[in-house]
>>> print(open('final-v2.cif').read())   # mmCIF, C-alpha atoms and all ligand atoms
data_run
#
loop_
_atom_site.group_PDB
_atom_site.id
_atom_site.type_symbol
_atom_site.label_atom_id
_atom_site.label_comp_id
_atom_site.auth_asym_id
_atom_site.auth_seq_id
_atom_site.Cartn_x
_atom_site.Cartn_y
_atom_site.Cartn_z
ATOM 1 C CA MET A 6 -40.944 7.354 -80.915
ATOM 2 C CA SER A 7 -44.535 8.461 -80.766
ATOM 3 C CA GLN A 8 -45.317 11.559 -82.776
ATOM 4 C CA ARG A 9 -45.341 14.935 -81.086
ATOM 5 C CA LEU A 10 -48.698 16.668 -80.796
ATOM 6 C CA PHE A 11 -49.216 20.362 -81.326
ATOM 7 C CA GLY A 12 -52.124 22.693 -80.636
ATOM 8 C CA ALA A 13 -52.904 25.317 -83.269
ATOM 9 C CA ILE A 14 -55.311 28.217 -82.950
ATOM 10 C CA GLU A 15 -56.539 30.567 -85.665
ATOM 11 C CA ALA A 16 -58.101 33.368 -83.660
ATOM 12 C CA GLY A 17 -60.579 35.462 -85.626
ATOM 13 C CA GLY A 18 -63.098 38.141 -84.801
ATOM 14 C CA THR A 19 -65.983 35.730 -85.462
ATOM 15 C CA LYS A 20 -64.552 32.362 -84.519
ATOM 16 C CA PHE A 21 -61.515 30.576 -83.145
ATOM 17 C CA ILE A 22 -60.521 27.471 -85.095
ATOM 18 C CA CYS A 23 -58.484 25.093 -82.948
ATOM 19 C CA ILE A 24 -56.818 21.874 -83.990
ATOM 20 C CA VAL A 25 -54.558 19.288 -82.460
ATOM 21 C CA ALA A 26 -52.232 17.700 -84.990
ATOM 22 C CA SER A 27 -48.861 16.045 -85.307
ATOM 23 C CA GLY A 28 -48.235 17.696 -88.677
ATOM 24 C CA PRO A 29 -49.948 18.881 -91.848
ATOM 25 C CA GLY A 30 -52.669 16.437 -92.867
ATOM 26 C CA GLN A 31 -52.346 14.732 -89.488
ATOM 27 C CA GLU A 32 -55.141 16.379 -87.628
ATOM 28 C CA ILE A 33 -56.505 14.530 -84.610
ATOM 29 C CA ALA A 34 -59.106 16.920 -83.247
ATOM 30 C CA ARG A 35 -60.768 20.155 -84.286
ATOM 31 C CA ALA A 36 -63.108 22.697 -82.707
ATOM 32 C CA ARG A 37 -64.838 25.861 -83.875
ATOM 33 C CA ILE A 38 -65.411 28.185 -80.968
ATOM 34 C CA ASP A 39 -67.407 31.411 -81.275
ATOM 35 C CA THR A 40 -65.582 34.631 -80.444
ATOM 36 C CA THR A 41 -67.679 35.992 -77.560
ATOM 37 C CA THR A 42 -65.851 37.339 -74.505
ATOM 38 C CA PRO A 43 -62.178 36.609 -73.839
ATOM 39 C CA ASP A 44 -62.948 34.623 -70.658
ATOM 40 C CA GLU A 45 -65.555 32.470 -72.314
ATOM 41 C CA THR A 46 -63.740 31.923 -75.609
ATOM 42 C CA LEU A 47 -60.288 31.306 -74.127
ATOM 43 C CA GLY A 48 -61.869 29.077 -71.482
ATOM 44 C CA GLN A 49 -63.356 26.922 -74.231
ATOM 45 C CA VAL A 50 -60.062 26.860 -76.141
ATOM 46 C CA VAL A 51 -58.175 25.659 -73.045
ATOM 47 C CA GLU A 52 -60.892 23.088 -72.350
ATOM 48 C CA PHE A 53 -60.744 21.728 -75.914
ATOM 49 C CA LEU A 54 -56.948 21.478 -75.957
ATOM 50 C CA GLY A 55 -56.927 19.948 -72.461
ATOM 51 C CA GLN A 56 -59.496 17.346 -73.470
ATOM 52 C CA ALA A 57 -57.569 16.474 -76.650
ATOM 53 C CA ALA A 58 -54.325 16.206 -74.672
ATOM 54 C CA SER A 59 -55.901 13.892 -72.125
ATOM 55 C CA GLU A 60 -57.219 11.652 -74.895
ATOM 56 C CA HIS A 61 -54.247 11.664 -77.252
ATOM 57 C CA GLY A 62 -51.182 12.760 -75.285
ATOM 58 C CA ASP A 63 -49.504 15.926 -74.026
ATOM 59 C CA LEU A 64 -49.009 18.852 -76.364
ATOM 60 C CA ALA A 65 -45.396 19.731 -77.203
ATOM 61 C CA ALA A 66 -46.225 23.350 -78.091
ATOM 62 C CA ILE A 67 -49.066 25.629 -79.147
ATOM 63 C CA GLY A 68 -49.225 28.152 -82.006
ATOM 64 C CA VAL A 69 -51.572 31.119 -82.214
ATOM 65 C CA GLY A 70 -52.266 33.274 -85.268
ATOM 66 C CA THR A 71 -54.622 36.040 -84.259
ATOM 67 C CA PHE A 72 -56.491 39.184 -85.239
ATOM 68 C CA GLY A 73 -54.921 42.253 -83.733
ATOM 69 C CA PRO A 74 -53.287 44.612 -83.268
ATOM 70 C CA ILE A 75 -51.065 42.497 -81.021
ATOM 71 C CA ASP A 76 -47.844 42.808 -79.041
ATOM 72 C CA LEU A 77 -45.134 40.637 -80.596
ATOM 73 C CA ARG A 78 -42.158 41.886 -78.591
ATOM 74 C CA ARG A 79 -41.017 39.096 -76.336
ATOM 75 C CA ASP A 80 -39.368 41.555 -73.930
ATOM 76 C CA SER A 81 -42.573 43.530 -73.434
ATOM 77 C CA SER A 82 -44.816 43.193 -70.382
ATOM 78 C CA THR A 83 -47.792 42.824 -72.710
ATOM 79 C CA PHE A 84 -46.194 40.281 -75.051
ATOM 80 C CA GLY A 85 -48.856 37.902 -76.303
ATOM 81 C CA TYR A 86 -51.665 40.396 -75.862
ATOM 82 C CA ILE A 87 -54.241 41.702 -78.276
ATOM 83 C CA THR A 88 -53.663 45.399 -77.617
ATOM 84 C CA SER A 89 -55.874 48.167 -78.976
ATOM 85 C CA THR A 90 -58.493 46.374 -81.048
ATOM 86 C CA PRO A 91 -61.781 48.178 -81.627
ATOM 87 C CA LYS A 92 -63.495 44.803 -81.139
ATOM 88 C CA PRO A 93 -65.590 45.186 -77.966
ATOM 89 C CA ASP A 94 -64.192 43.363 -74.876
ATOM 90 C CA TRP A 95 -60.978 42.283 -76.566
ATOM 91 C CA SER A 96 -58.555 45.154 -76.067
ATOM 92 C CA ASN A 97 -55.736 44.343 -73.645
ATOM 93 C CA THR A 98 -56.438 40.625 -73.749
ATOM 94 C CA ASP A 99 -53.673 38.209 -72.863
ATOM 95 C CA LEU A 100 -53.823 35.272 -75.306
ATOM 96 C CA VAL A 101 -50.480 33.612 -74.633
ATOM 97 C CA GLY A 102 -50.585 33.777 -70.794
ATOM 98 C CA PRO A 103 -53.654 31.564 -70.267
ATOM 99 C CA LEU A 104 -52.245 28.952 -72.666
ATOM 100 C CA ARG A 105 -48.831 28.941 -70.997
ATOM 101 C CA ASN A 106 -50.450 28.721 -67.576
ATOM 102 C CA ALA A 107 -52.704 25.862 -68.567
ATOM 103 C CA PHE A 108 -50.201 23.764 -70.489
ATOM 104 C CA GLY A 109 -46.699 24.949 -69.515
ATOM 105 C CA VAL A 110 -45.419 24.538 -73.082
ATOM 106 C CA PRO A 111 -43.843 26.901 -75.631
ATOM 107 C CA VAL A 112 -46.390 29.140 -77.362
ATOM 108 C CA GLY A 113 -45.712 30.596 -80.816
ATOM 109 C CA PHE A 114 -47.605 33.816 -81.430
ATOM 110 C CA ASP A 115 -48.101 36.013 -84.471
ATOM 111 C CA THR A 116 -50.660 37.925 -86.486
ATOM 112 C CA ASP A 117 -53.241 35.909 -88.401
ATOM 113 C CA VAL A 118 -51.735 37.030 -91.698
ATOM 114 C CA ASN A 119 -48.120 36.393 -90.716
ATOM 115 C CA ALA A 120 -49.226 32.946 -89.578
ATOM 116 C CA ALA A 121 -51.022 32.343 -92.868
ATOM 117 C CA GLY A 122 -47.893 33.504 -94.687
ATOM 118 C CA LEU A 123 -45.801 31.074 -92.649
ATOM 119 C CA GLY A 124 -48.210 28.268 -93.541
ATOM 120 C CA GLU A 125 -47.875 29.174 -97.219
ATOM 121 C CA HIS A 126 -44.097 29.310 -96.854
ATOM 122 C CA ARG A 127 -43.898 25.880 -95.252
ATOM 123 C CA TRP A 128 -46.469 23.997 -97.303
ATOM 124 C CA GLY A 129 -48.107 26.276 -99.885
ATOM 125 C CA ALA A 130 -47.556 28.920 -102.526
ATOM 126 C CA ALA A 131 -44.498 30.552 -100.924
ATOM 127 C CA CYS A 132 -42.306 27.445 -100.587
ATOM 128 C CA GLY A 133 -38.662 28.289 -101.225
ATOM 129 C CA LEU A 134 -39.165 32.073 -101.237
ATOM 130 C CA ASP A 135 -37.541 34.360 -98.704
ATOM 131 C CA THR A 136 -39.562 37.536 -99.266
ATOM 132 C CA PHE A 137 -43.270 37.450 -100.017
ATOM 133 C CA VAL A 138 -46.573 38.982 -99.003
ATOM 134 C CA TYR A 139 -49.784 37.281 -97.952
ATOM 135 C CA LEU A 140 -52.861 39.490 -98.165
ATOM 136 C CA THR A 141 -56.331 38.528 -97.061
ATOM 137 C CA ILE A 142 -59.318 40.269 -98.584
ATOM 138 C CA GLY A 143 -62.130 39.327 -96.224
ATOM 139 C CA THR A 144 -64.304 41.107 -93.672
ATOM 140 C CA GLY A 145 -61.261 43.337 -93.302
ATOM 141 C CA ILE A 146 -57.942 43.414 -95.146
ATOM 142 C CA GLY A 147 -54.658 42.335 -93.586
ATOM 143 C CA GLY A 148 -51.217 41.562 -94.856
ATOM 144 C CA GLY A 149 -48.065 39.879 -93.614
ATOM 145 C CA GLY A 150 -45.438 37.468 -94.798
ATOM 146 C CA MET A 151 -41.690 37.290 -94.688
ATOM 147 C CA MET A 152 -38.716 39.505 -95.418
ATOM 148 C CA ALA A 153 -35.425 37.691 -95.935
ATOM 149 C CA GLU A 154 -37.037 34.569 -94.456
ATOM 150 C CA ARG A 155 -38.059 36.276 -91.228
ATOM 151 C CA MET A 156 -41.624 36.974 -90.264
ATOM 152 C CA MET A 157 -42.516 40.621 -90.836
ATOM 153 C CA HIS A 158 -42.599 42.257 -87.409
ATOM 154 C CA GLY A 159 -40.734 45.546 -87.198
ATOM 155 C CA LEU A 160 -41.893 48.282 -84.851
ATOM 156 C CA VAL A 161 -45.261 46.672 -84.196
ATOM 157 C CA HIS A 162 -46.286 44.613 -87.223
ATOM 158 C CA PRO A 163 -47.367 45.600 -90.698
ATOM 159 C CA GLU A 164 -50.876 46.973 -91.169
ATOM 160 C CA MET A 165 -51.047 46.615 -94.933
ATOM 161 C CA GLY A 166 -54.829 46.792 -94.912
ATOM 162 C CA HIS A 167 -54.628 50.399 -93.825
ATOM 163 C CA MET A 168 -52.344 51.705 -96.543
ATOM 164 C CA ARG A 169 -53.719 54.825 -98.183
ATOM 165 C CA LEU A 170 -54.667 54.729 -101.845
ATOM 166 C CA PRO A 171 -55.630 57.408 -104.331
ATOM 167 C CA ARG A 172 -59.402 57.526 -104.744
ATOM 168 C CA ASP A 173 -61.042 59.488 -107.538
ATOM 169 C CA PRO A 174 -64.332 60.770 -106.078
ATOM 170 C CA ASP A 175 -65.785 61.122 -109.586
ATOM 171 C CA VAL A 176 -65.292 57.410 -110.208
ATOM 172 C CA ASP A 177 -65.873 56.258 -106.639
ATOM 173 C CA PRO A 178 -67.752 58.693 -104.422
ATOM 174 C CA PHE A 179 -67.933 56.089 -101.630
ATOM 175 C CA GLU A 180 -65.963 57.407 -98.663
ATOM 176 C CA GLY A 181 -64.959 54.067 -97.197
ATOM 177 C CA VAL A 182 -65.770 52.104 -94.061
ATOM 178 C CA CYS A 183 -62.559 52.191 -92.037
ATOM 179 C CA PRO A 184 -63.378 53.744 -88.650
ATOM 180 C CA PHE A 185 -59.869 55.213 -88.520
ATOM 181 C CA HIS A 186 -59.208 56.336 -92.093
ATOM 182 C CA GLY A 187 -62.363 56.088 -94.152
ATOM 183 C CA ASP A 188 -60.917 55.337 -97.557
ATOM 184 C CA CYS A 189 -57.798 53.291 -96.796
ATOM 185 C CA LEU A 190 -57.397 49.945 -98.610
ATOM 186 C CA GLU A 191 -59.601 48.114 -96.094
ATOM 187 C CA GLY A 192 -62.071 50.992 -96.104
ATOM 188 C CA LEU A 193 -62.420 50.756 -99.881
ATOM 189 C CA ALA A 194 -61.892 47.130 -100.830
ATOM 190 C CA SER A 195 -62.769 44.774 -97.949
ATOM 191 C CA GLY A 196 -65.875 42.610 -98.185
ATOM 192 C CA THR A 197 -67.446 45.015 -95.698
ATOM 193 C CA ALA A 198 -66.653 47.970 -97.972
ATOM 194 C CA ILE A 199 -68.046 46.225 -101.058
ATOM 195 C CA ALA A 200 -71.296 45.417 -99.250
ATOM 196 C CA ALA A 201 -71.643 48.977 -97.946
ATOM 197 C CA ARG A 202 -70.861 50.613 -101.295
ATOM 198 C CA TRP A 203 -73.240 48.504 -103.351
ATOM 199 C CA GLN A 204 -75.802 47.756 -100.632
ATOM 200 C CA LYS A 205 -75.477 44.059 -101.290
ATOM 201 C CA PRO A 206 -73.140 41.327 -99.988
ATOM 202 C CA ALA A 207 -70.115 40.825 -102.238
ATOM 203 C CA HIS A 208 -71.035 37.248 -103.132
ATOM 204 C CA GLU A 209 -74.403 38.422 -104.491
ATOM 205 C CA LEU A 210 -72.914 40.841 -107.031
ATOM 206 C CA SER A 211 -72.903 39.461 -110.576
ATOM 207 C CA ALA A 212 -69.629 38.864 -112.394
ATOM 208 C CA ASP A 213 -70.256 41.793 -114.731
ATOM 209 C CA HIS A 214 -71.065 44.256 -111.938
ATOM 210 C CA GLN A 215 -68.942 47.414 -112.016
ATOM 211 C CA ALA A 216 -67.932 46.619 -108.424
ATOM 212 C CA TRP A 217 -65.312 44.186 -109.631
ATOM 213 C CA GLN A 218 -63.251 46.457 -111.886
ATOM 214 C CA LEU A 219 -63.117 48.964 -109.059
ATOM 215 C CA GLU A 220 -62.134 46.190 -106.653
ATOM 216 C CA ALA A 221 -59.399 44.956 -108.993
ATOM 217 C CA ASP A 222 -58.154 48.537 -109.370
ATOM 218 C CA TYR A 223 -57.809 49.044 -105.627
ATOM 219 C CA LEU A 224 -56.194 45.659 -105.056
ATOM 220 C CA SER A 225 -53.768 46.380 -107.905
ATOM 221 C CA LEU A 226 -52.811 49.708 -106.369
ATOM 222 C CA ALA A 227 -52.082 47.801 -103.165
ATOM 223 C CA ALA A 228 -50.039 45.216 -105.083
ATOM 224 C CA VAL A 229 -48.007 47.940 -106.807
ATOM 225 C CA ASN A 230 -47.319 49.668 -103.492
ATOM 226 C CA LEU A 231 -46.142 46.364 -102.049
ATOM 227 C CA VAL A 232 -43.946 45.624 -105.073
ATOM 228 C CA CYS A 233 -42.363 49.055 -104.762
ATOM 229 C CA THR A 234 -41.856 49.023 -100.988
ATOM 230 C CA LEU A 235 -41.021 45.404 -100.127
ATOM 231 C CA SER A 236 -39.937 43.855 -103.434
ATOM 232 C CA PRO A 237 -41.708 40.569 -102.687
ATOM 233 C CA GLN A 238 -40.930 37.530 -104.817
ATOM 234 C CA ARG A 239 -44.634 36.702 -104.844
ATOM 235 C CA ILE A 240 -47.920 38.169 -103.632
ATOM 236 C CA ILE A 241 -50.611 35.796 -102.390
ATOM 237 C CA PHE A 242 -54.206 37.033 -102.321
ATOM 238 C CA GLY A 243 -56.490 35.071 -99.977
ATOM 239 C CA GLY A 244 -59.756 35.683 -98.133
ATOM 240 C CA GLY A 245 -63.440 35.345 -98.955
ATOM 241 C CA VAL A 246 -63.614 38.081 -101.600
ATOM 242 C CA MET A 247 -61.022 36.262 -103.718
ATOM 243 C CA GLN A 248 -63.523 33.447 -104.182
ATOM 244 C CA GLN A 249 -64.558 35.568 -107.142
ATOM 245 C CA THR A 250 -61.947 33.825 -109.253
ATOM 246 C CA PHE A 251 -62.147 36.276 -112.150
ATOM 247 C CA LEU A 252 -60.612 38.937 -109.890
ATOM 248 C CA LEU A 253 -57.138 37.429 -109.991
ATOM 249 C CA PRO A 254 -56.520 37.871 -113.749
ATOM 250 C CA MET A 255 -57.963 41.383 -113.533
ATOM 251 C CA ILE A 256 -55.521 42.220 -110.729
ATOM 252 C CA ARG A 257 -52.588 40.766 -112.673
ATOM 253 C CA GLU A 258 -53.387 42.780 -115.762
ATOM 254 C CA ARG A 259 -53.977 46.020 -113.919
ATOM 255 C CA THR A 260 -50.854 45.600 -111.773
ATOM 256 C CA LEU A 261 -48.722 45.243 -114.900
ATOM 257 C CA LYS A 262 -50.330 48.372 -116.352
ATOM 258 C CA LEU A 263 -49.756 50.402 -113.206
ATOM 259 C CA LEU A 264 -46.124 49.272 -112.895
ATOM 260 C CA ASN A 265 -45.698 50.353 -116.495
ATOM 261 C CA ASP A 266 -42.541 48.287 -117.069
ATOM 262 C CA TYR A 267 -40.664 50.036 -114.326
ATOM 263 C CA VAL A 268 -39.862 46.951 -112.238
ATOM 264 C CA ARG A 269 -38.418 44.740 -114.937
ATOM 265 C CA SER A 270 -38.001 41.419 -113.193
ATOM 266 C CA PRO A 271 -39.028 38.509 -115.425
ATOM 267 C CA ALA A 272 -40.900 37.171 -112.382
ATOM 268 C CA ILE A 273 -43.322 40.043 -112.919
ATOM 269 C CA VAL A 274 -43.085 40.960 -116.574
ATOM 270 C CA GLU A 275 -43.014 37.423 -117.980
ATOM 271 C CA HIS A 276 -44.576 35.370 -115.211
ATOM 272 C CA ILE A 277 -47.290 37.487 -113.659
ATOM 273 C CA ASP A 278 -49.504 34.361 -113.394
ATOM 274 C CA SER A 279 -47.112 32.871 -110.864
ATOM 275 C CA TYR A 280 -46.325 36.231 -109.264
ATOM 276 C CA ILE A 281 -49.840 37.152 -108.135
ATOM 277 C CA VAL A 282 -51.529 33.981 -106.925
ATOM 278 C CA THR A 283 -54.121 32.571 -104.545
ATOM 279 C CA PRO A 284 -53.101 30.501 -101.501
ATOM 280 C CA GLY A 285 -51.650 27.043 -102.126
ATOM 281 C CA LEU A 286 -53.372 25.837 -98.962
ATOM 282 C CA GLY A 287 -56.776 27.256 -99.919
ATOM 283 C CA ASP A 288 -58.744 28.093 -96.769
ATOM 284 C CA ASN A 289 -56.222 26.350 -94.544
ATOM 285 C CA SER A 290 -53.297 28.792 -94.674
ATOM 286 C CA GLY A 291 -54.198 30.324 -91.308
ATOM 287 C CA ILE A 292 -54.623 27.157 -89.292
ATOM 288 C CA MET A 293 -51.655 25.465 -90.968
ATOM 289 C CA GLY A 294 -49.629 28.569 -90.200
ATOM 290 C CA ALA A 295 -50.627 28.344 -86.537
ATOM 291 C CA LEU A 296 -49.455 24.729 -86.611
ATOM 292 C CA ALA A 297 -46.131 25.842 -88.118
ATOM 293 C CA LEU A 298 -45.849 28.471 -85.353
ATOM 294 C CA ALA A 299 -46.311 25.712 -82.772
ATOM 295 C CA MET A 300 -43.690 23.511 -84.423
ATOM 296 C CA ASP A 301 -41.253 26.422 -84.588
ATOM 297 C CA ALA A 302 -41.940 27.371 -80.952
ATOM 298 C CA HIS A 303 -41.160 23.795 -79.964
ATOM 299 C CA GLU A 304 -37.880 23.876 -81.931
ATOM 300 C CA ALA A 305 -36.919 27.191 -80.413
ATOM 301 C CA GLY A 306 -38.102 26.249 -76.912
ATOM 302 C CA LEU A 307 -39.897 29.606 -76.638
HETATM 303 P P1 LIG A 401 -62.934 36.750 -92.360
HETATM 304 O O1 LIG A 401 -62.318 37.911 -93.055
HETATM 305 O O2 LIG A 401 -64.086 37.153 -91.494
HETATM 306 O O3 LIG A 401 -61.950 35.881 -91.664
HETATM 307 P P2 LIG A 401 -63.444 35.643 -94.999
HETATM 308 O O4 LIG A 401 -62.033 35.672 -95.448
HETATM 309 O O5 LIG A 401 -64.268 34.459 -95.371
HETATM 310 O O6 LIG A 401 -63.592 35.782 -93.435
HETATM 311 O O7 LIG A 401 -64.121 36.937 -95.583
HETATM 312 C C1 LIG A 401 -65.458 37.233 -95.391
HETATM 313 C C2 LIG A 401 -65.816 38.313 -96.396
HETATM 314 O O8 LIG A 401 -65.672 37.773 -97.703
HETATM 315 C C3 LIG A 401 -67.225 38.827 -96.280
HETATM 316 O O9 LIG A 401 -67.220 40.235 -96.415
HETATM 317 C C4 LIG A 401 -67.945 38.190 -97.460
HETATM 318 O O10 LIG A 401 -68.929 39.042 -97.994
HETATM 319 C C5 LIG A 401 -66.854 37.986 -98.465
HETATM 320 N N1 LIG A 401 -67.117 36.805 -99.269
HETATM 321 C C6 LIG A 401 -67.313 35.552 -98.828
HETATM 322 N N2 LIG A 401 -67.585 34.726 -99.868
HETATM 323 C C7 LIG A 401 -67.537 35.487 -100.986
HETATM 324 C C8 LIG A 401 -67.715 35.231 -102.379
HETATM 325 N N3 LIG A 401 -68.007 34.023 -102.832
HETATM 326 N N4 LIG A 401 -67.568 36.268 -103.220
HETATM 327 C C9 LIG A 401 -67.258 37.501 -102.778
HETATM 328 N N5 LIG A 401 -67.102 37.797 -101.486
HETATM 329 C C10 LIG A 401 -67.226 36.816 -100.596
HETATM 330 ZN ZN ZN A 402 -57.877 52.081 -92.187
#
>>> encode(input="final-v2.cif", output="structure tokens", more="lines below")
Ligand code: ADP
Ligand code: ZN
Amino acid sequence: MSQRLFGAIEAGGTKFICIVASGPGQEIARARIDTTTPDETLGQVVEFLGQAASEHGDLAAIGVGTFGPIDLRRDSSTFGYITSTPKPDWSNTDLVGPLRNAFGVPVGFDTDVNAAGLGEHRWGAACGLDTFVYLTIGTGIGGGGMMAERMMHGLVHPEMGHMRLPRDPDVDPFEGVCPFHGDCLEGLASGTAIAARWQKPAHELSADHQAWQLEADYLSLAAVNLVCTLSPQRIIFGGGVMQQTFLLPMIRERTLKLLNDYVRSPAIVEHIDSYIVTPGLGDNSGIMGALALAMDAHEAGL
């Protein structure tokens, strides 16, 4: 039997990465499409997938991991839509509809971070776990993952990047960049926040800059909140800011301090190095997760 082909789309605010693949490491085609207007961008996505299908064979299913907020409720009239995003032109945009119309195949759909978490669960740092969190610290901050081996959906979907944290104005007078909350986690600790606070892009700050202890403190507060609310078996920190590799040990140490021996699992107390980790799939969690969404949609016949 010839191998099934899947389309996978990682939809971001800057770019859409699209691949056609029969499985992990079996990529046949790839495109990077700028995020401009929905018509233009989705038109190019459909064109790329259509071209790949005509060259290599029909797609069995498509998976989409996207920026949001999005509507994940399959019984809703706006299922598959980006809903209320502040990104110009993109609120109330149907992502799933145009793909279904063009290809007539099952379409798996989830948040970018849930997709990345699924990718990590299938092939990366969350293999074998049933409850874990994937956080990305990039232009913004987002979080997703699984609870009891189900993708985290709930009422809408988690918005971990917007959790509120204590901020001491004497230590950090910066009021944050979140347009909705100011000093939420994303407002204080995203790459955008770092650049605004220190007037310099995050990657240009030296390793001994005071920015990093503050960053580790905020990310540790987030980790502690997640430990105490969701009881994850592991927390994965991805995204561009985590390329500063010295951050991870700082976050581990500070998280242990903040927990103060209250949550006594050996997974945390004795094995913090395998509890707070970076993605097993490196930069590929998102696109591999979209591929896993496609494979699951095919299985489920969605
Ligand atoms: P996005 O969030 O847009 O999908 P990334 O996860 O790559 O993309 O995050 C981009 C953010 O990460 C930017 O704010 C950028 O300043 C920051 N960043 C990228 N590379 C580094 C680096 N080496 N060190 C610190 N921050 C970085
Ligand atoms: Zn916010």
>>> resolve_selection(input="final-v2.cif", expression="the PyMOL selection byres (((not hetatm)) within 6 of (chain A and resi 401))", output="PyMOL selection string")
chain A and resi 143-145+196-197+206-208+244-246+248-249
>>> write_last_selection(input="final-v2.cif", atoms="C-alpha atoms", output="PDB file, in the coordinates of the input")
ATOM      1  CA  GLY A 143     -62.130  39.327 -96.224  1.00  0.00           C
ATOM      2  CA  THR A 144     -64.304  41.107 -93.672  1.00  0.00           C
ATOM      3  CA  GLY A 145     -61.261  43.337 -93.302  1.00  0.00           C
ATOM      4  CA  GLY A 196     -65.875  42.610 -98.185  1.00  0.00           C
ATOM      5  CA  THR A 197     -67.446  45.015 -95.698  1.00  0.00           C
ATOM      6  CA  PRO A 206     -73.140  41.327 -99.988  1.00  0.00           C
ATOM      7  CA  ALA A 207     -70.115  40.825-102.238  1.00  0.00           C
ATOM      8  CA  HIS A 208     -71.035  37.248-103.132  1.00  0.00           C
ATOM      9  CA  GLY A 244     -59.756  35.683 -98.133  1.00  0.00           C
ATOM     10  CA  GLY A 245     -63.440  35.345 -98.955  1.00  0.00           C
ATOM     11  CA  VAL A 246     -63.614  38.081-101.600  1.00  0.00           C
ATOM     12  CA  GLN A 248     -63.523  33.447-104.182  1.00  0.00           C
ATOM     13  CA  GLN A 249     -64.558  35.568-107.142  1.00  0.00           C
TER      14      GLN A 249
END
>>> atom_distance(input="final-v2.cif", atom1="CA of Val274 (chain A)", atom2="CA of Leu252 (chain A)")
18.9 Å
>>> closest_atom_pairs(input="final-v2.cif", of="chain A", to="ligand ZN 402 (chain A)", cutoff="10 Å", atoms="all atoms listed in the file", output="Markdown table")
| residue | atom | partner | partner_atom | distance |
| --- | --- | --- | --- | --- |
| A:Gly145 | CA | A:ZN402 | ZN | 9.4 |
| A:Ile146 | CA | A:ZN402 | ZN | 9.2 |
| A:Glu164 | CA | A:ZN402 | ZN | 8.7 |
| A:Met165 | CA | A:ZN402 | ZN | 9.2 |
| A:Gly166 | CA | A:ZN402 | ZN | 6.7 |
| A:His167 | CA | A:ZN402 | ZN | 4.0 |
| A:Met168 | CA | A:ZN402 | ZN | 7.1 |
| A:Arg169 | CA | A:ZN402 | ZN | 7.8 |
| A:Gly181 | CA | A:ZN402 | ZN | 8.9 |
| A:Val182 | CA | A:ZN402 | ZN | 8.1 |
| A:Cys183 | CA | A:ZN402 | ZN | 4.7 |
| A:Pro184 | CA | A:ZN402 | ZN | 6.7 |
| A:Phe185 | CA | A:ZN402 | ZN | 5.2 |
| A:His186 | CA | A:ZN402 | ZN | 4.5 |
| A:Gly187 | CA | A:ZN402 | ZN | 6.3 |
| A:Asp188 | CA | A:ZN402 | ZN | 7.0 |
| A:Cys189 | CA | A:ZN402 | ZN | 4.8 |
| A:Leu190 | CA | A:ZN402 | ZN | 6.8 |
| A:Glu191 | CA | A:ZN402 | ZN | 5.8 |
| A:Gly192 | CA | A:ZN402 | ZN | 5.8 |
| A:Leu193 | CA | A:ZN402 | ZN | 9.0 |
>>> closest_residue(input="final-v2.cif", among="A:Leu170, A:Leu253, A:Ala200, A:Leu64", to="Phe108 (chain A)", atoms="only C-alpha atoms")
A:Leu64
>>> resolve_selection(input="final-v2.cif", expression="the PyMOL selection byres (((chain A and resi 151) around 8) and not hetatm)", output="ChimeraX atom specification")
/A:119,122-123,135-138,149-150,152-157
>>> residues_around(input="final-v2.cif", residues="region 209-217 of chain A", least_positions_apart="4", cutoff="12 Å", atoms="only C-alpha atoms", output="PyMOL selection string")
chain A and resi 176-177+179+193-196+198-205+221-225+246-256
>>> atom_distance(input="final-v2.cif", atom1="CA of Phe84 (chain A)", atom2="CA of Pro43 (chain A)")
16.4 Å
>>> resolve_selection(input="final-v2.cif", expression="the PyMOL selection byres (((chain A and resi 282) around 7) and not hetatm)", output="JSON, numbers by chain")
{"A": [240, 241, 242, 278, 279, 280, 281, 283, 284]}
>>> closest_residue(input="final-v2.cif", among="A:Asp44, A:Gly73, A:Asp63, A:Pro103", to="Pro91 (chain A)", atoms="only C-alpha atoms")
A:Gly73
>>> atom_distance(input="final-v2.cif", atom1="CA of Asn97 (chain A)", atom2="CA of Gly18 (chain A)")
14.7 Å
>>> closest_residue(input="final-v2.cif", among="A:Val112, A:Ile67, A:Val232, A:Leu140", to="Ser270 (chain A)", atoms="only C-alpha atoms")
A:Val232
>>> closest_residue(input="final-v2.cif", among="A:Ala121, A:Leu54, A:Leu231, A:Leu104", to="Gly294 (chain A)", atoms="only C-alpha atoms")
A:Ala121
>>> residues_around(input="final-v2.cif", residues="Arg79 (chain A)", least_positions_apart="2", cutoff="12 Å", atoms="all atoms listed in the file", output="CSV table (one decimal) with C-alpha atoms, in the coordinates of the input")
chain,number,residue,atom,x,y,z
A,75,ILE,CA,-51.1,42.5,-81.0
A,76,ASP,CA,-47.8,42.8,-79.0
A,77,LEU,CA,-45.1,40.6,-80.6
A,81,SER,CA,-42.6,43.5,-73.4
A,82,SER,CA,-44.8,43.2,-70.4
A,83,THR,CA,-47.8,42.8,-72.7
A,84,PHE,CA,-46.2,40.3,-75.1
A,85,GLY,CA,-48.9,37.9,-76.3
A,86,TYR,CA,-51.7,40.4,-75.9
A,101,VAL,CA,-50.5,33.6,-74.6
A,112,VAL,CA,-46.4,29.1,-77.4
A,113,GLY,CA,-45.7,30.6,-80.8
A,114,PHE,CA,-47.6,33.8,-81.4
A,115,ASP,CA,-48.1,36.0,-84.5
A,158,HIS,CA,-42.6,42.3,-87.4
A,161,VAL,CA,-45.3,46.7,-84.2
A,307,LEU,CA,-39.9,29.6,-76.6
